[in-house]
Structures are given as C-alpha cells and as structure tokens.
Amino acid sequence: MEAIVAEEPQNISTPEAGAPSPVRRHASIWGVARDVLLHRPTGMLGFLLLVVFGLMALFGPMLYPEHLATDPFNAFAAPSWSHPLGTDFDGTDTLALIVTGSRYVLLSAFLAGFFTAAFGSVTGLTAGYFLGLGDSLLMKVADFVLTIPAFPLLVVLSTIWKFGDPVSMGLVLGIIGWGALARAIRAQVLSLRERTFIEAARGLGFSSFHIITREILPNLGSYIAMKFLLAVTGAMYASVGLFFLGVLPFKVNNWGVMLNFAFTQSGAMYTPKALPYLLSPLCAILLVTLGVVLFLDAVDEILNPRLRRR
Amino acid sequence: MGYNARRGPTGSLEVAAVRGFLFRVARRLVAALVMIWAVATFTFFLIRLMPGDPVLAKMVELEQTGMPEEQAKAQVSSMYGFIPHDPLPVQYVHYLWQLCHFDLGVSIAYSGQPVTTIIWSALPYTLGLVLTGIIVTFIFGVIGGVFAAIKRDSWIGGSLSIVGSILHGVPQFMVAVLLVYFLAALHPIFPIGAPYDITISPGLNLHFLSNVAWHAVLPIAAFVISGFGFWALAMKGSVVTTLGDDFILASELRGIKPSIRFRYIARNAFLPLFTYLAIAIGYSFGGAIFIEKIFDYPGLGNLLNNSLASYDYPVMQAAFLMITVAVIISNIVAEVLYTFIDPRIRTGIS
C-alpha cells in the first residue's frame with residue numbers, strides 16, 4: 001500500500017477538467033431530499049420532529065419572560081389547559097421549563113455532534129489516506145480516547161474547567177467522543193483508497209487534498225451525517241446527565257437542571273402528583289431521539305451516492 | 001484450510017498458534033500498562049491545574065495552625081503523594097514511585113484514612129454491580145435478539161424489536177430515576193441507600209449474601225433495562241445476517257434437524273457480539289457514576305461524586321484511576337475471551 005503513495009506521479013500536468021467522480025449530481029441535494037422525504041413517511045415524521053425541536057430551541061425562549069412566574073400554592077398541579085404539562089415544585093409551568101430549557105440542551109448537543117464529526121472525520125481521513133507513522137500515532141491517541149470512560153472523565157474535568165456554556169460543552173464532548181468515528185472512517189478510507197477511481201485520480205496527478213475532499217469524502221458523506229446525528233443524541237444524554245449529577249454550575253435552565261431539581265431538592269420523588277413534571281424532560285429527550293432515529297434512514301438515502309434514485 | 005492445519009498436540013502449527021496467542025496477550029498487557037501510566041500522568045497534571053492549587057492551600061493551612069514548615073511539607077507529601085515546593089519533574093517521579101507501591105496518599109474528607117483503604121472498600125460494590133449488570137444484560141439481550149430474529153415475521157418479534165429500539169433510546173439515568181420513583185420512593189418495595197441492612201453483620205453466609213443481592217436488584221435492573229435494547233438489536237442483526245449465509249441454506253437442503261441447525265446459527269451469530277463487549281464494559285463503568293448516585297450505592301462512582309463535592313482530591317484522583325484501570329483490564333479480558341472463542345483467531349489461520 002505504501003508503494004502506491006510513493007508512485008504518485010509528479011511530472012503529469014494537472015488536467016483542467018475534473019475527472020469523472022463516482023458521485024454524479026443529477027439533481028440538487030435539496031431536490032433529492034424532498035423526493036426521499038415525500039416517499040418515506042417515517043423519515044418525514046422524524047424530520048418534522050427535529051424541525052419542531054429546532055424551532056423550539058431557536059424561538060421558544062423568546063415567548064417567555066426571563067424569570068418564569070412561580071406560584072407556590074399551585075405546586076405539582078395536574079396537566080390542565082393553562083398548564084399543559086402541569087407545574088413543578090414552585091408552581092412554575094412545566095411546559096415553559098421544557099421550552100426554555102431546550103435551547104441549551106439542543107445547542108450544546110448540536111455543537112458536540114459537529115465537533116465529534118469534524119475531529120473524527122479529519123483524523124480518520126488523514127490517518128487512513130496517508131498511513132505511515134502519523135496513522136499509527138493518531139490511532140494510538142484514538143484508542144486512548146476510546147478507553148477512558150467518558151462520564152468519569154467529564155466529572156473530573158469539571159473540577160478544573162466549568163465547561164457549562166454550550167460552546168465549551170460541545171467542544172469537550174467532541175474532544176472526548178471522536179475516537180470511534182475516526183477508527184470507523186479510517187477503516188472505510190483504507191478500502192476506498194484501493195479502488196480504481198482513486199487510483200485514476202492519483203494517476204491524473206490530483207493533489208492529496210483534492211482526492212481526500214473531492215473523491216473520498218463524498219462517498220463517506222452519508223455515513224458521517226448519520227454518525228453526526230447519533231453523536232447529537234449521545235451528547236444530549238451526556239450534557240443532561242452532567243447537569244443532573246450537578247457537577248456544573250446552573251447558569252441557565254435546561255432539562256438536566258430540571259431533572260436535578262426533581263431528584264434532589266424538591267421532594268418530587270415522594271409524591272405521585274410529580275409524575276408529569278418528572279416525565280416531561282424524559283419525553284422531550286425521547287422525542288428528539290425518535291426524530292433522529294426516524295430521520296437516519298432518509299439521510300442515508302439522500303446522501304449515499306449508491307442509494308440515490310436516478 | 002482448517003482440516004489439515006491441526007496436526008495434533010505436537011504439531012508445529014499448533015505450537016506457533018499458541019505462541020502467537022501468548023505474544024498477542026503480552027502485547028496487550030504492555031499496551032495496558034502504557035495506558036495506565038498515561039492516565040496516571042493525566043490525573044497528576046490535572047491536580048496541578050486545579051483552581052487555587054489544593055496542595056499548596058493545604059500546606060499553607062497547616063502552617064497557619066503553627067506547624068513548622070518541614071512538618072507541614074511532610075504531611076502534605078504523605079497526603080497527596082508529592083511535595084508542592086519541589087520542581088514538577090521531581091514531584092512527578094515521586095508520585096509515580098508511590099503509585100508503584102500502591103500508595104495513593106491520605107484522604108482529606110475522611111481525615112487520616114489511606115486512600116487505598118477507601119478504594120478497596122468501594123471497589124467490590126462497583127465490580128459486583130457492573131459485572132453482574134453486563135452478564136445479565138448480555139444473556140437477556142441475546143435471548144431477546146434470537147427470538148426477535150427467528151419470529152421476525154410475527155407480532156412477537158416485531159414488538160420485541162420495537163421495545164428494543166425504544167429502550168435503546170432511553171438514557172440510563174432516566175431508567176434509574178424512574179425505578180427509584182416507582183419502586184423505592186412512592187412504593188417502598190426495594191431498599192435503596194445502602195448495600196445491605198445495617199442490622200446485618202457482614203459475613204460469608206447466605207443470609208448476608210441474599211440481603212446484598214436484594215439491595216442490588218434495582219441498580220442491576222437499571223443496567224439491564226437500559227442495556228437490553230442494544231444487545232437485542234445487535235443479536236437480532238447478527239442472527240438475520242447469519243440466516244442468509246450459504247452454510248445455513250446448505251444445512252437446510254441436506255435436511256439437518258432444526259435443533260442442530262439452530263446451534264449452527266447461534267454459535268456463528270454469537271461471535272460478533274463479543275467485539276461489542278469491550279465497548280459495553282467501558283460504557284457500564286462510566287454509567288456506574290449515575291446508577292450509584294441515584295441508588296446511593298457506595299461504589300467507586302459514588303466515591304468520585306462525593307470526593308468532588310468535598311474537594312477530596314486524593315480520593316478523586318484514585319477513584320478515577322481505578323475506574324479507568326477496571327475498564328482497561330476488562331477490555332483485555334474481553335479481547336482474550338474473544339480470541340479464545342473464535343477458532344479463526346485462536347489458531348491464527350485466516
């Protein structure tokens with residue numbers, strides 16, 4: 001395998017016209033997406049769920065005042081028209097808590113998914129394409145990251161770095177979570193780089209950068225997108241879990257803070273009336289997960305060049 | 001290829017295979033040691049980076065009580081395993097040296113207690129919880145997965161798959177919170193908050209062990225319920241893949257009894273699951289932090305949590321190190337087990 005890299009021709013001039021890539025774009029990606037979603041009701045449902053939660057995170061907090069109203073005489077009220085999900089231990093509307101808490105959870109989870117996908121893809125592509133010493137070093141680091149149990153590490157890290165804001169949270173989860181994706185992508189690049197179309201691109205004298213980004217990456221696009229979505233759900237569990245544990249200072253309301261209050265402070269665990277309050281964050285998490293799972297198959301069909309309808 | 005490869009117990013290939021196996025195990029062990037060293041180094045520098053430098057703070061605090069500097073230095077050094085005023089490399093070597101002798105310093109919160117004692121008293125609970133949890137989950141998941149695959153055209157298989165997918169999407173801590181809510185807080189059916197009744201004195205008798213098991217039911221149930229979906233889906237996928245293999249079709253055409261054919265399928269579908277075992281082990285040890293906090297179970301995870309709240313850095317460092325070491329060792333065991341089970345890897349012929 002090393003020999004092929006070494007034989008990269010230097011004297012052939014780079015052709016102006018691009019070589020035919022195995023990915024042909026017959027229609028725009030949006031057109032394909034629309035077709036796929038219209039043919040797949042489950043994918044459409046997942047997509048709509050994600051859109052609803054996305055809009056909730058973007059605009060939801062604007063609907064409520066900064067400090068939500070409390071009503072101690074109306075604690076743990078049953079669901080009603082004025083409080084669709086009941087109230088919490090202070091009499092605050094649970095729906096308002098879910099909506100205002102969604103922004104932090106979903107933004108940090110989205111960023112974590114982005115960083116995980118970015119770190120994992122860059123590492124996996126570089127290691128798998130160039131091989132050699134850099135490859136074995138990168139994979140050693142990946143194995144190291146993979147072995148350390150993530151939650152204990154996050155808990156210990158929280159003592160020196162209060163990574164409570166969404167960007168830091170996303171970054172930390174990305175730094176901890178890229179290992180598995182890097183390994184998987186490297187494995188796929190190892191098989192892709194031996195295909196004839198890559199050899200052809202190399203023979204035509206394209207730069208390594210061009211081959212990786214234009215020839216190899218499009219073939220991994222759907223895989224990376226799916227792993228991104230799964231990383232988003234994983235990061236959602238992680239950030240909610242960390243706030244639930246209470247190792248990070250509570251700056252803004254989020255679903256993890258809700259669970260923490262429900263479990264530790266409010267006595268909600270000892271009254272059957274608290275069930276709607278306890279179940280609300282859980283159902284929100286489950287609905288986002290459901291949206292991701294249903295949307296996954298459609299994503300594969302939209303982005304995978306081999307599955308695409310012609 | 002397998003038929004002529006085995007030349008009996010004295011065959012050269014056999015010896016080479018065993019040697020290759022031992023070599024791989026040895027290489028894994030070396031890698032594990034390097035890993036443990038790396039984690040130990042990481043925690044060392046982490047403690048140095050902590051806000052307000054707890055080591056120096058403790059020393060100043062001791063000096064303010066009137067303790068001579070030399071004595072304060074000696075006490076802090078025994079507490080943390082390194083001396084704050086020494087240059088970093090000296091501290092580091094000192095720390096590693098103490099670590100090699102299983103000396104992890106003295107706890108701050110439980111004043112005077114060696115960290116090693118605290119760790120040893122917590123370790124059995126975490127190991128018991130996590131390993132039982134993994135084994136029970138594995139068994140249930142595999143059985144559920146086989147069922148879901150074989151009955152996949154009937155409603156039983158379909159609903160098993162759906163239940164698996166839903167459970168797979170529920171975070172572990174939510175399962176645990178709901179279990180506590182329904183089965184311990186609202187309806188006190190199961191005990192929480194201790195590993196056994198305080199009226200019972202620990203000992204190796206049936207009464208004590210059954211009490212410990214009774215107290216562990218809910219935490220283990222949390223592991224099993226949240227992990228079931230993953231194993232069931234993985235096993236179902238593996239069985240369905242195996243069903244499409246040529247040798248299954250061949251055995252069907254040859255009229256081999258369904259019960260024997262089932263054994264063929266199960267043995268082959270079983271193998272890939274072992275590769276997931278290593279990942280599941282790491283995940284379970286991490287999850288123990290939540291399970292132990294929610295059920296107030298005195299294992300390593302709870303120790304880590306509590307040490308954080310009380311700024312007990314020596315205990316925190318040791319608990320994190322032990323959890324990681326437990327994961328590393330479990331990974332090696334899983335890998336060796338896998339090598340042992342899969343004849344293709346065991347003999348090194350592929």
# chains A, B, ... in the order shown; residues from 1 in each chain; ligands from 1
call {"tool": "interface_residues", "arguments": {"of": "chain B", "to": "chain A", "cutoff": "9 Å", "atoms": "only C-alpha atoms", "output": "count of residues only"}}
result
49
call {"tool": "residues_around", "arguments": {"residues": "segment 202-215 of chain B", "least_positions_apart": "2", "cutoff": "12 Å", "atoms": "only C-alpha atoms", "output": "list in words"}}
result
Pro124, Tyr125, Gly128, Leu129, Thr132, Ala184, Ile189, Phe190, Pro191, Ile192, Gly193, Ala194, Pro195, Tyr196, Asp197, Ile198, Thr199, Ile200, Val217, Leu218, Pro219, Ile220, Ala221, Phe295, Asp296, Tyr297 and Pro298 of chain B
call {"tool": "write_last_selection", "arguments": {"atoms": "N, CA, C and O atoms", "output": "compact mmCIF listing (two decimals), in the first residue's frame"}}
result
# COMPACT_ATOMS: atom_id res chain seq x y z
N PRO B 124 -15.39 -3.52 45.44
CA PRO B 124 -16.24 -4.71 45.25
C PRO B 124 -17.66 -4.37 44.83
O PRO B 124 -18.25 -5.07 44.02
N TYR B 125 -18.20 -3.25 45.37
CA TYR B 125 -19.58 -2.90 45.04
C TYR B 125 -19.72 -2.54 43.56
O TYR B 125 -20.64 -2.97 42.88
N GLY B 128 -19.12 -5.72 41.43
CA GLY B 128 -20.28 -6.60 41.51
C GLY B 128 -21.43 -6.09 40.69
O GLY B 128 -22.03 -6.81 39.89
N LEU B 129 -21.71 -4.79 40.84
CA LEU B 129 -22.82 -4.17 40.14
C LEU B 129 -22.62 -4.23 38.62
O LEU B 129 -23.48 -4.70 37.87
N THR B 132 -22.17 -8.02 37.12
CA THR B 132 -23.47 -8.70 37.11
C THR B 132 -24.39 -8.05 36.09
O THR B 132 -25.08 -8.74 35.34
N ALA B 184 -39.13 2.50 44.86
CA ALA B 184 -38.44 2.71 46.13
C ALA B 184 -39.02 3.90 46.90
O ALA B 184 -39.21 3.81 48.11
N ILE B 189 -40.85 -0.83 47.82
CA ILE B 189 -40.75 -2.29 47.66
C ILE B 189 -39.30 -2.73 47.81
O ILE B 189 -38.98 -3.68 48.50
N PHE B 190 -38.41 -1.98 47.12
CA PHE B 190 -37.00 -2.33 47.17
C PHE B 190 -36.25 -1.31 48.03
O PHE B 190 -36.59 -0.13 48.04
N PRO B 191 -35.23 -1.76 48.74
CA PRO B 191 -34.44 -0.85 49.57
C PRO B 191 -33.43 -0.08 48.72
O PRO B 191 -32.93 -0.60 47.72
N ILE B 192 -33.15 1.16 49.07
CA ILE B 192 -32.04 1.89 48.45
C ILE B 192 -31.27 2.60 49.56
O ILE B 192 -31.73 2.68 50.69
N GLY B 193 -30.10 3.09 49.21
CA GLY B 193 -29.33 3.89 50.16
C GLY B 193 -28.28 3.12 50.91
O GLY B 193 -27.47 3.71 51.61
N ALA B 194 -28.21 1.81 50.78
CA ALA B 194 -27.17 1.05 51.44
C ALA B 194 -27.00 -0.27 50.70
O ALA B 194 -27.95 -0.74 50.06
N PRO B 195 -25.82 -0.87 50.76
CA PRO B 195 -25.64 -2.15 50.06
C PRO B 195 -26.24 -3.33 50.82
O PRO B 195 -26.43 -4.38 50.27
N TYR B 196 -26.53 -3.17 52.13
CA TYR B 196 -27.19 -4.22 52.90
C TYR B 196 -27.80 -3.57 54.15
O TYR B 196 -27.41 -2.46 54.54
N ASP B 197 -28.73 -4.27 54.81
CA ASP B 197 -29.36 -3.73 56.02
C ASP B 197 -28.30 -3.52 57.11
O ASP B 197 -27.44 -4.38 57.30
N ILE B 198 -28.42 -2.40 57.83
CA ILE B 198 -27.39 -2.14 58.83
C ILE B 198 -27.49 -3.10 60.02
O ILE B 198 -26.56 -3.25 60.79
N THR B 199 -28.64 -3.77 60.16
CA THR B 199 -28.78 -4.69 61.28
C THR B 199 -28.02 -5.99 61.04
O THR B 199 -27.82 -6.79 61.95
N ILE B 200 -27.60 -6.21 59.81
CA ILE B 200 -26.92 -7.46 59.47
C ILE B 200 -25.42 -7.25 59.48
O ILE B 200 -24.92 -6.27 58.92
N VAL B 217 -30.82 -5.41 43.54
CA VAL B 217 -31.78 -5.72 42.47
C VAL B 217 -32.08 -4.48 41.62
O VAL B 217 -31.94 -4.51 40.40
N LEU B 218 -32.43 -3.38 42.26
CA LEU B 218 -32.82 -2.19 41.49
C LEU B 218 -31.66 -1.64 40.66
O LEU B 218 -31.84 -1.36 39.47
N PRO B 219 -30.45 -1.43 41.26
CA PRO B 219 -29.35 -0.91 40.43
C PRO B 219 -29.05 -1.80 39.23
O PRO B 219 -28.86 -1.30 38.11
N ILE B 220 -29.06 -3.13 39.46
CA ILE B 220 -28.77 -4.03 38.33
C ILE B 220 -29.91 -3.96 37.32
O ILE B 220 -29.67 -3.97 36.10
N ALA B 221 -31.14 -3.84 37.81
CA ALA B 221 -32.26 -3.71 36.88
C ALA B 221 -32.09 -2.48 35.99
O ALA B 221 -32.42 -2.51 34.80
N PHE B 295 -29.00 5.46 43.26
CA PHE B 295 -29.39 4.48 44.28
C PHE B 295 -28.58 4.64 45.56
O PHE B 295 -28.71 3.84 46.47
N ASP B 296 -27.73 5.67 45.59
CA ASP B 296 -26.87 5.91 46.75
C ASP B 296 -26.12 4.64 47.14
O ASP B 296 -26.15 4.21 48.29
N TYR B 297 -25.45 4.05 46.17
CA TYR B 297 -24.75 2.78 46.35
C TYR B 297 -23.26 3.08 46.51
O TYR B 297 -22.69 3.82 45.71
N PRO B 298 -22.60 2.53 47.54
CA PRO B 298 -21.26 3.02 47.90
C PRO B 298 -20.13 2.47 47.04
O PRO B 298 -19.16 1.92 47.56
call {"tool": "residues_around", "arguments": {"residues": "segment 138-147 of chain B", "least_positions_apart": "6", "cutoff": "9 Å", "atoms": "only C-alpha atoms", "output": "MDAnalysis selection string"}}
result
chainID B and resid 156:157 160:161 164 224 227:240 266 270 273 277
call {"tool": "write_last_selection", "arguments": {"atoms": "N, CA and C atoms", "output": "PDB file, in the first residue's frame"}}
result
ATOM      1  N   ILE B 156     -44.733 -11.073  17.822  1.00  0.00           N
ATOM      2  CA  ILE B 156     -43.838 -11.140  18.982  1.00  0.00           C
ATOM      3  C   ILE B 156     -42.475 -10.525  18.629  1.00  0.00           C
ATOM      4  N   GLY B 157     -41.952 -10.997  17.472  1.00  0.00           N
ATOM      5  CA  GLY B 157     -40.654 -10.492  17.057  1.00  0.00           C
ATOM      6  C   GLY B 157     -40.693  -9.004  16.778  1.00  0.00           C
ATOM      7  N   LEU B 160     -40.849  -7.102  19.985  1.00  0.00           N
ATOM      8  CA  LEU B 160     -39.550  -7.181  20.670  1.00  0.00           C
ATOM      9  C   LEU B 160     -38.570  -6.171  20.083  1.00  0.00           C
ATOM     10  N   SER B 161     -38.564  -6.079  18.749  1.00  0.00           N
ATOM     11  CA  SER B 161     -37.653  -5.133  18.101  1.00  0.00           C
ATOM     12  C   SER B 161     -37.991  -3.700  18.481  1.00  0.00           C
ATOM     13  N   GLY B 164     -36.985  -3.034  21.978  1.00  0.00           N
ATOM     14  CA  GLY B 164     -35.524  -2.875  21.997  1.00  0.00           C
ATOM     15  C   GLY B 164     -35.098  -1.497  21.547  1.00  0.00           C
ATOM     16  N   VAL B 224     -29.764  -3.417  33.299  1.00  0.00           N
ATOM     17  CA  VAL B 224     -30.333  -4.385  32.357  1.00  0.00           C
ATOM     18  C   VAL B 224     -31.361  -3.710  31.449  1.00  0.00           C
ATOM     19  N   GLY B 227     -29.662  -1.433  28.999  1.00  0.00           N
ATOM     20  CA  GLY B 227     -28.717  -2.067  28.076  1.00  0.00           C
ATOM     21  C   GLY B 227     -29.346  -3.111  27.184  1.00  0.00           C
ATOM     22  N   PHE B 228     -30.537  -3.580  27.576  1.00  0.00           N
ATOM     23  CA  PHE B 228     -31.192  -4.669  26.854  1.00  0.00           C
ATOM     24  C   PHE B 228     -31.348  -4.367  25.361  1.00  0.00           C
ATOM     25  N   GLY B 229     -31.812  -3.166  25.059  1.00  0.00           N
ATOM     26  CA  GLY B 229     -32.103  -2.815  23.679  1.00  0.00           C
ATOM     27  C   GLY B 229     -30.895  -2.964  22.772  1.00  0.00           C
ATOM     28  N   PHE B 230     -29.745  -2.489  23.239  1.00  0.00           N
ATOM     29  CA  PHE B 230     -28.528  -2.550  22.430  1.00  0.00           C
ATOM     30  C   PHE B 230     -28.200  -3.995  22.059  1.00  0.00           C
ATOM     31  N   TRP B 231     -28.188  -4.878  23.076  1.00  0.00           N
ATOM     32  CA  TRP B 231     -27.808  -6.265  22.817  1.00  0.00           C
ATOM     33  C   TRP B 231     -28.835  -6.980  21.976  1.00  0.00           C
ATOM     34  N   ALA B 232     -30.120  -6.711  22.263  1.00  0.00           N
ATOM     35  CA  ALA B 232     -31.163  -7.392  21.497  1.00  0.00           C
ATOM     36  C   ALA B 232     -31.070  -7.012  20.022  1.00  0.00           C
ATOM     37  N   LEU B 233     -30.888  -5.721  19.743  1.00  0.00           N
ATOM     38  CA  LEU B 233     -30.807  -5.285  18.341  1.00  0.00           C
ATOM     39  C   LEU B 233     -29.552  -5.840  17.677  1.00  0.00           C
ATOM     40  N   ALA B 234     -28.431  -5.831  18.409  1.00  0.00           N
ATOM     41  CA  ALA B 234     -27.181  -6.336  17.840  1.00  0.00           C
ATOM     42  C   ALA B 234     -27.308  -7.822  17.528  1.00  0.00           C
ATOM     43  N   MET B 235     -27.878  -8.570  18.485  1.00  0.00           N
ATOM     44  CA  MET B 235     -28.008 -10.025  18.278  1.00  0.00           C
ATOM     45  C   MET B 235     -28.979 -10.319  17.152  1.00  0.00           C
ATOM     46  N   LYS B 236     -30.081  -9.547  17.089  1.00  0.00           N
ATOM     47  CA  LYS B 236     -31.050  -9.777  16.021  1.00  0.00           C
ATOM     48  C   LYS B 236     -30.382  -9.570  14.657  1.00  0.00           C
ATOM     49  N   GLY B 237     -29.652  -8.457  14.542  1.00  0.00           N
ATOM     50  CA  GLY B 237     -28.973  -8.181  13.284  1.00  0.00           C
ATOM     51  C   GLY B 237     -28.004  -9.291  12.910  1.00  0.00           C
ATOM     52  N   SER B 238     -27.271  -9.765  13.902  1.00  0.00           N
ATOM     53  CA  SER B 238     -26.279 -10.800  13.656  1.00  0.00           C
ATOM     54  C   SER B 238     -26.936 -12.109  13.225  1.00  0.00           C
ATOM     55  N   VAL B 239     -28.045 -12.470  13.890  1.00  0.00           N
ATOM     56  CA  VAL B 239     -28.740 -13.717  13.536  1.00  0.00           C
ATOM     57  C   VAL B 239     -29.311 -13.613  12.127  1.00  0.00           C
ATOM     58  N   VAL B 240     -29.915 -12.466  11.810  1.00  0.00           N
ATOM     59  CA  VAL B 240     -30.507 -12.311  10.479  1.00  0.00           C
ATOM     60  C   VAL B 240     -29.433 -12.420   9.403  1.00  0.00           C
ATOM     61  N   ALA B 266     -26.777 -20.070  16.110  1.00  0.00           N
ATOM     62  CA  ALA B 266     -26.493 -19.362  17.360  1.00  0.00           C
ATOM     63  C   ALA B 266     -24.991 -19.161  17.540  1.00  0.00           C
ATOM     64  N   PHE B 270     -23.312 -15.451  17.477  1.00  0.00           N
ATOM     65  CA  PHE B 270     -22.861 -15.050  18.791  1.00  0.00           C
ATOM     66  C   PHE B 270     -21.537 -14.294  18.727  1.00  0.00           C
ATOM     67  N   LEU B 273     -20.819 -10.394  18.643  1.00  0.00           N
ATOM     68  CA  LEU B 273     -21.255  -9.660  19.831  1.00  0.00           C
ATOM     69  C   LEU B 273     -20.101  -9.429  20.801  1.00  0.00           C
ATOM     70  N   LEU B 277     -18.468  -6.250  23.426  1.00  0.00           N
ATOM     71  CA  LEU B 277     -18.370  -6.400  24.870  1.00  0.00           C
ATOM     72  C   LEU B 277     -17.421  -5.363  25.476  1.00  0.00           C
TER      73      LEU B 277
END
call {"tool": "atom_distance", "arguments": {"atom1": "atom CA of Leu181 of chain A", "atom2": "atom CA of Leu55 of chain A"}}
result
28.6 Å
call {"tool": "select_by_dssp", "arguments": {"residues": "segment 16-252 of chain B", "states": "helix (DSSP H, G or I)", "output": "PyMOL selection string"}}
result
chain B and resi 16-49+54-64+69-80+88-100+115-150+155-168+172-186+206-243+246-252
call {"tool": "residues_around", "arguments": {"residues": "Leu127 of chain B", "least_positions_apart": "3", "cutoff": "9 Å", "atoms": "only C-alpha atoms", "output": "VMD selection string"}}
result
chain B and resid 122 to 124 130 to 132 285 299 to 300 326
call {"tool": "residues_around", "arguments": {"residues": "segment 28-41 of chain A", "least_positions_apart": "2", "cutoff": "6 Å", "atoms": "only C-alpha atoms", "output": "list in words"}}
result
Gly43, Met44 and Ile302 of chain A
call {"tool": "write_last_selection", "arguments": {"atoms": "all heavy atoms", "output": "PDB file, in the first residue's frame"}}
result
ATOM      1  N   GLY A  43     -39.473   8.901   7.654  1.00  0.00           N
ATOM      2  CA  GLY A  43     -38.386   9.873   7.568  1.00  0.00           C
ATOM      3  C   GLY A  43     -38.928  11.290   7.704  1.00  0.00           C
ATOM      4  O   GLY A  43     -38.336  12.139   8.367  1.00  0.00           O
ATOM      5  N   MET A  44     -40.093  11.527   7.065  1.00  0.00           N
ATOM      6  CA  MET A  44     -40.731  12.838   7.136  1.00  0.00           C
ATOM      7  C   MET A  44     -41.098  13.170   8.584  1.00  0.00           C
ATOM      8  O   MET A  44     -40.859  14.283   9.063  1.00  0.00           O
ATOM      9  CB  MET A  44     -41.998  12.824   6.265  1.00  0.00           C
ATOM     10  CG  MET A  44     -42.607  14.189   6.060  1.00  0.00           C
ATOM     11  SD  MET A  44     -41.409  15.271   5.251  1.00  0.00           S
ATOM     12  CE  MET A  44     -42.475  16.373   4.402  1.00  0.00           C
ATOM     13  N   ILE A 302     -30.606  10.108   1.125  1.00  0.00           N
ATOM     14  CA  ILE A 302     -30.368  11.405   0.499  1.00  0.00           C
ATOM     15  C   ILE A 302     -28.895  11.558   0.121  1.00  0.00           C
ATOM     16  O   ILE A 302     -28.560  12.010  -0.969  1.00  0.00           O
ATOM     17  CB  ILE A 302     -30.777  12.548   1.458  1.00  0.00           C
ATOM     18  CG1 ILE A 302     -32.296  12.550   1.642  1.00  0.00           C
ATOM     19  CG2 ILE A 302     -30.320  13.901   0.911  1.00  0.00           C
ATOM     20  CD1 ILE A 302     -32.754  13.423   2.784  1.00  0.00           C
TER      21      ILE A 302
END
call {"tool": "residues_around", "arguments": {"residues": "Ala112 of chain A", "least_positions_apart": "3", "cutoff": "8 Å", "atoms": "only C-alpha atoms", "output": "ChimeraX atom specification"}}
result
/A:108-109,115-116,169-174,231-232,235
call {"tool": "residues_around", "arguments": {"residues": "Val25 of chain B", "least_positions_apart": "2", "cutoff": "12 Å", "atoms": "only C-alpha atoms", "output": "ChimeraX atom specification"}}
result
/B:18-23,27-32,329,331-340,346
call {"tool": "closest_residue", "arguments": {"among": "A:Arg186, A:Leu137, A:Leu95, A:Phe53", "to": "Ser80 of chain A", "atoms": "only C-alpha atoms"}}
result
A:Leu95
